[in-house]
Amino acid sequence: MKAGDRVIHTDYPNIQGIIVAKTQKWGGAASICHVKWANDSRTSQHIEHALKKIGEIKMTIGNVSP
C-alpha cells in the first residue's frame with residue numbers, strides 16, 4: 001500500500017479512508033500507515049494488515065504528482 005490508496009479497516013468496514021503517509025520499516029517491523037477517515041478530520045495509525053485496499057486516488061502536491 002502507498003499514500004493515496006483508499007482503504008477500509010478490517011474491523012470497521014463501513015468507513016472509508018485514505019492513506020496520507022507511511023512510515024519506514026525498522027528492522028523486521030511492519031510499516032505504519034497514517035489514515036484520514038471520511039467521517040473524521042483526524043488521522044490514525046495502523047499496520048498494513050489491519051487495512052484493506054479498495055481503490056486509488058491521485059494526490060498532487062504543488063506541481064508534483066506521484
# chains A, B, ... in the order shown; residues from 1 in each chain; ligands from 1
$ select_by_dssp --residues "chain A" --states "strand (DSSP E)" --output "tab-separated table (two decimals) with N, CA, C and O atoms, in the first residue's frame"
chain	number	residue	atom	x	y	z
A	5	ASP	N	-3.86	5.58	-1.51
A	5	ASP	CA	-4.73	4.41	-1.61
A	5	ASP	C	-5.96	4.59	-0.72
A	5	ASP	O	-5.85	5.05	0.41
A	6	ARG	N	-7.11	4.22	-1.24
A	6	ARG	CA	-8.34	4.21	-0.44
A	6	ARG	C	-8.40	2.88	0.29
A	6	ARG	O	-8.13	1.83	-0.29
A	7	VAL	N	-8.78	2.94	1.56
A	7	VAL	CA	-8.78	1.74	2.39
A	7	VAL	C	-9.99	1.70	3.30
A	7	VAL	O	-10.66	2.71	3.52
A	8	ILE	N	-10.23	0.51	3.84
A	8	ILE	CA	-11.15	0.32	4.95
A	8	ILE	C	-10.38	-0.43	6.03
A	8	ILE	O	-9.40	-1.10	5.74
A	9	HIS	N	-10.81	-0.29	7.26
A	9	HIS	CA	-10.21	-1.06	8.36
A	9	HIS	C	-10.95	-2.39	8.42
A	9	HIS	O	-12.17	-2.43	8.27
A	12	TYR	N	-13.71	-2.28	10.92
A	12	TYR	CA	-14.74	-1.25	10.71
A	12	TYR	C	-14.93	-1.02	9.21
A	12	TYR	O	-14.58	0.03	8.68
A	13	PRO	N	-15.50	-1.97	8.48
A	13	PRO	CA	-15.54	-1.89	7.02
A	13	PRO	C	-16.51	-0.87	6.44
A	13	PRO	O	-16.51	-0.64	5.24
A	14	ASN	N	-17.31	-0.22	7.27
A	14	ASN	CA	-18.29	0.74	6.76
A	14	ASN	C	-17.73	2.14	6.56
A	14	ASN	O	-18.39	2.99	5.98
A	15	ILE	N	-16.51	2.40	7.03
A	15	ILE	CA	-15.92	3.73	6.93
A	15	ILE	C	-14.68	3.66	6.03
A	15	ILE	O	-13.79	2.87	6.26
A	16	GLN	N	-14.68	4.52	5.01
A	16	GLN	CA	-13.53	4.57	4.10
A	16	GLN	C	-12.53	5.62	4.55
A	16	GLN	O	-12.90	6.60	5.18
A	17	GLY	N	-11.29	5.40	4.18
A	17	GLY	CA	-10.24	6.35	4.49
A	17	GLY	C	-9.22	6.40	3.37
A	17	GLY	O	-9.28	5.63	2.42
A	18	ILE	N	-8.28	7.32	3.50
A	18	ILE	CA	-7.20	7.48	2.52
A	18	ILE	C	-5.88	7.48	3.27
A	18	ILE	O	-5.73	8.17	4.28
A	19	ILE	N	-4.92	6.69	2.79
A	19	ILE	CA	-3.59	6.69	3.38
A	19	ILE	C	-2.92	8.01	2.99
A	19	ILE	O	-2.79	8.32	1.81
A	20	VAL	N	-2.54	8.79	4.00
A	20	VAL	CA	-1.90	10.08	3.74
A	20	VAL	C	-0.39	10.05	3.96
A	20	VAL	O	0.32	10.93	3.48
A	21	ALA	N	0.10	9.04	4.65
A	21	ALA	CA	1.55	8.90	4.88
A	21	ALA	C	1.84	7.46	5.31
A	21	ALA	O	0.94	6.74	5.74
A	22	LYS	N	3.09	7.09	5.19
A	22	LYS	CA	3.52	5.76	5.59
A	22	LYS	C	4.92	5.86	6.18
A	22	LYS	O	5.77	6.57	5.64
A	32	ILE	N	3.93	1.53	9.26
A	32	ILE	CA	2.69	2.07	9.80
A	32	ILE	C	2.06	3.01	8.77
A	32	ILE	O	2.75	3.86	8.21
A	33	CYS	N	0.77	2.86	8.53
A	33	CYS	CA	0.04	3.74	7.62
A	33	CYS	C	-0.74	4.76	8.43
A	33	CYS	O	-1.40	4.42	9.40
A	34	HIS	N	-0.66	6.03	8.02
A	34	HIS	CA	-1.44	7.11	8.62
A	34	HIS	C	-2.66	7.30	7.74
A	34	HIS	O	-2.52	7.61	6.55
A	35	VAL	N	-3.85	7.11	8.31
A	35	VAL	CA	-5.08	7.12	7.54
A	35	VAL	C	-5.98	8.26	7.98
A	35	VAL	O	-6.21	8.47	9.17
A	36	LYS	N	-6.50	9.02	7.01
A	36	LYS	CA	-7.51	10.04	7.26
A	36	LYS	C	-8.85	9.43	6.89
A	36	LYS	O	-9.06	9.02	5.76
A	37	TRP	N	-9.76	9.38	7.86
A	37	TRP	CA	-11.06	8.74	7.66
A	37	TRP	C	-12.10	9.73	7.16
A	37	TRP	O	-12.06	10.91	7.49
A	43	THR	N	-6.27	11.91	11.78
A	43	THR	CA	-5.69	10.70	11.21
A	43	THR	C	-5.46	9.69	12.33
A	43	THR	O	-5.38	10.05	13.50
A	44	SER	N	-5.34	8.44	11.94
A	44	SER	CA	-4.98	7.40	12.90
A	44	SER	C	-3.93	6.51	12.26
A	44	SER	O	-3.74	6.52	11.05
A	45	GLN	N	-3.22	5.75	13.08
A	45	GLN	CA	-2.11	4.93	12.61
A	45	GLN	C	-2.49	3.45	12.69
A	45	GLN	O	-3.05	3.01	13.69
A	46	HIS	N	-2.13	2.71	11.63
A	46	HIS	CA	-2.49	1.29	11.56
A	46	HIS	C	-1.41	0.52	10.83
A	46	HIS	O	-0.78	1.05	9.90
A	47	ILE	N	-1.23	-0.74	11.21
A	47	ILE	CA	-0.36	-1.61	10.42
A	47	ILE	C	-1.11	-1.99	9.14
A	47	ILE	O	-2.35	-1.98	9.11
A	51	LEU	N	-5.63	-3.07	7.33
A	51	LEU	CA	-6.31	-2.29	6.31
A	51	LEU	C	-6.52	-3.12	5.05
A	51	LEU	O	-5.73	-4.01	4.75
A	52	LYS	N	-7.58	-2.79	4.33
A	52	LYS	CA	-7.84	-3.46	3.04
A	52	LYS	C	-7.99	-2.37	1.98
A	52	LYS	O	-8.78	-1.44	2.14
A	53	LYS	N	-7.22	-2.50	0.91
A	53	LYS	CA	-7.25	-1.51	-0.17
A	53	LYS	C	-8.55	-1.66	-0.96
A	53	LYS	O	-8.94	-2.76	-1.32
A	54	ILE	N	-9.21	-0.52	-1.24
A	54	ILE	CA	-10.46	-0.58	-2.00
A	54	ILE	C	-10.39	0.23	-3.28
A	54	ILE	O	-11.28	0.16	-4.11
A	55	GLY	N	-9.37	1.02	-3.47
A	55	GLY	CA	-9.25	1.84	-4.67
A	55	GLY	C	-8.07	2.77	-4.55
A	55	GLY	O	-7.30	2.69	-3.60
A	56	GLU	N	-7.93	3.65	-5.51
A	56	GLU	CA	-6.78	4.54	-5.54
A	56	GLU	C	-7.22	5.91	-6.00
A	56	GLU	O	-8.13	6.04	-6.81
$ closest_residue --among "A:Glu48, A:Asn39, A:Ala29, A:Thr23" --to "Met1 of chain A" --atoms "only C-alpha atoms"
A:Glu48
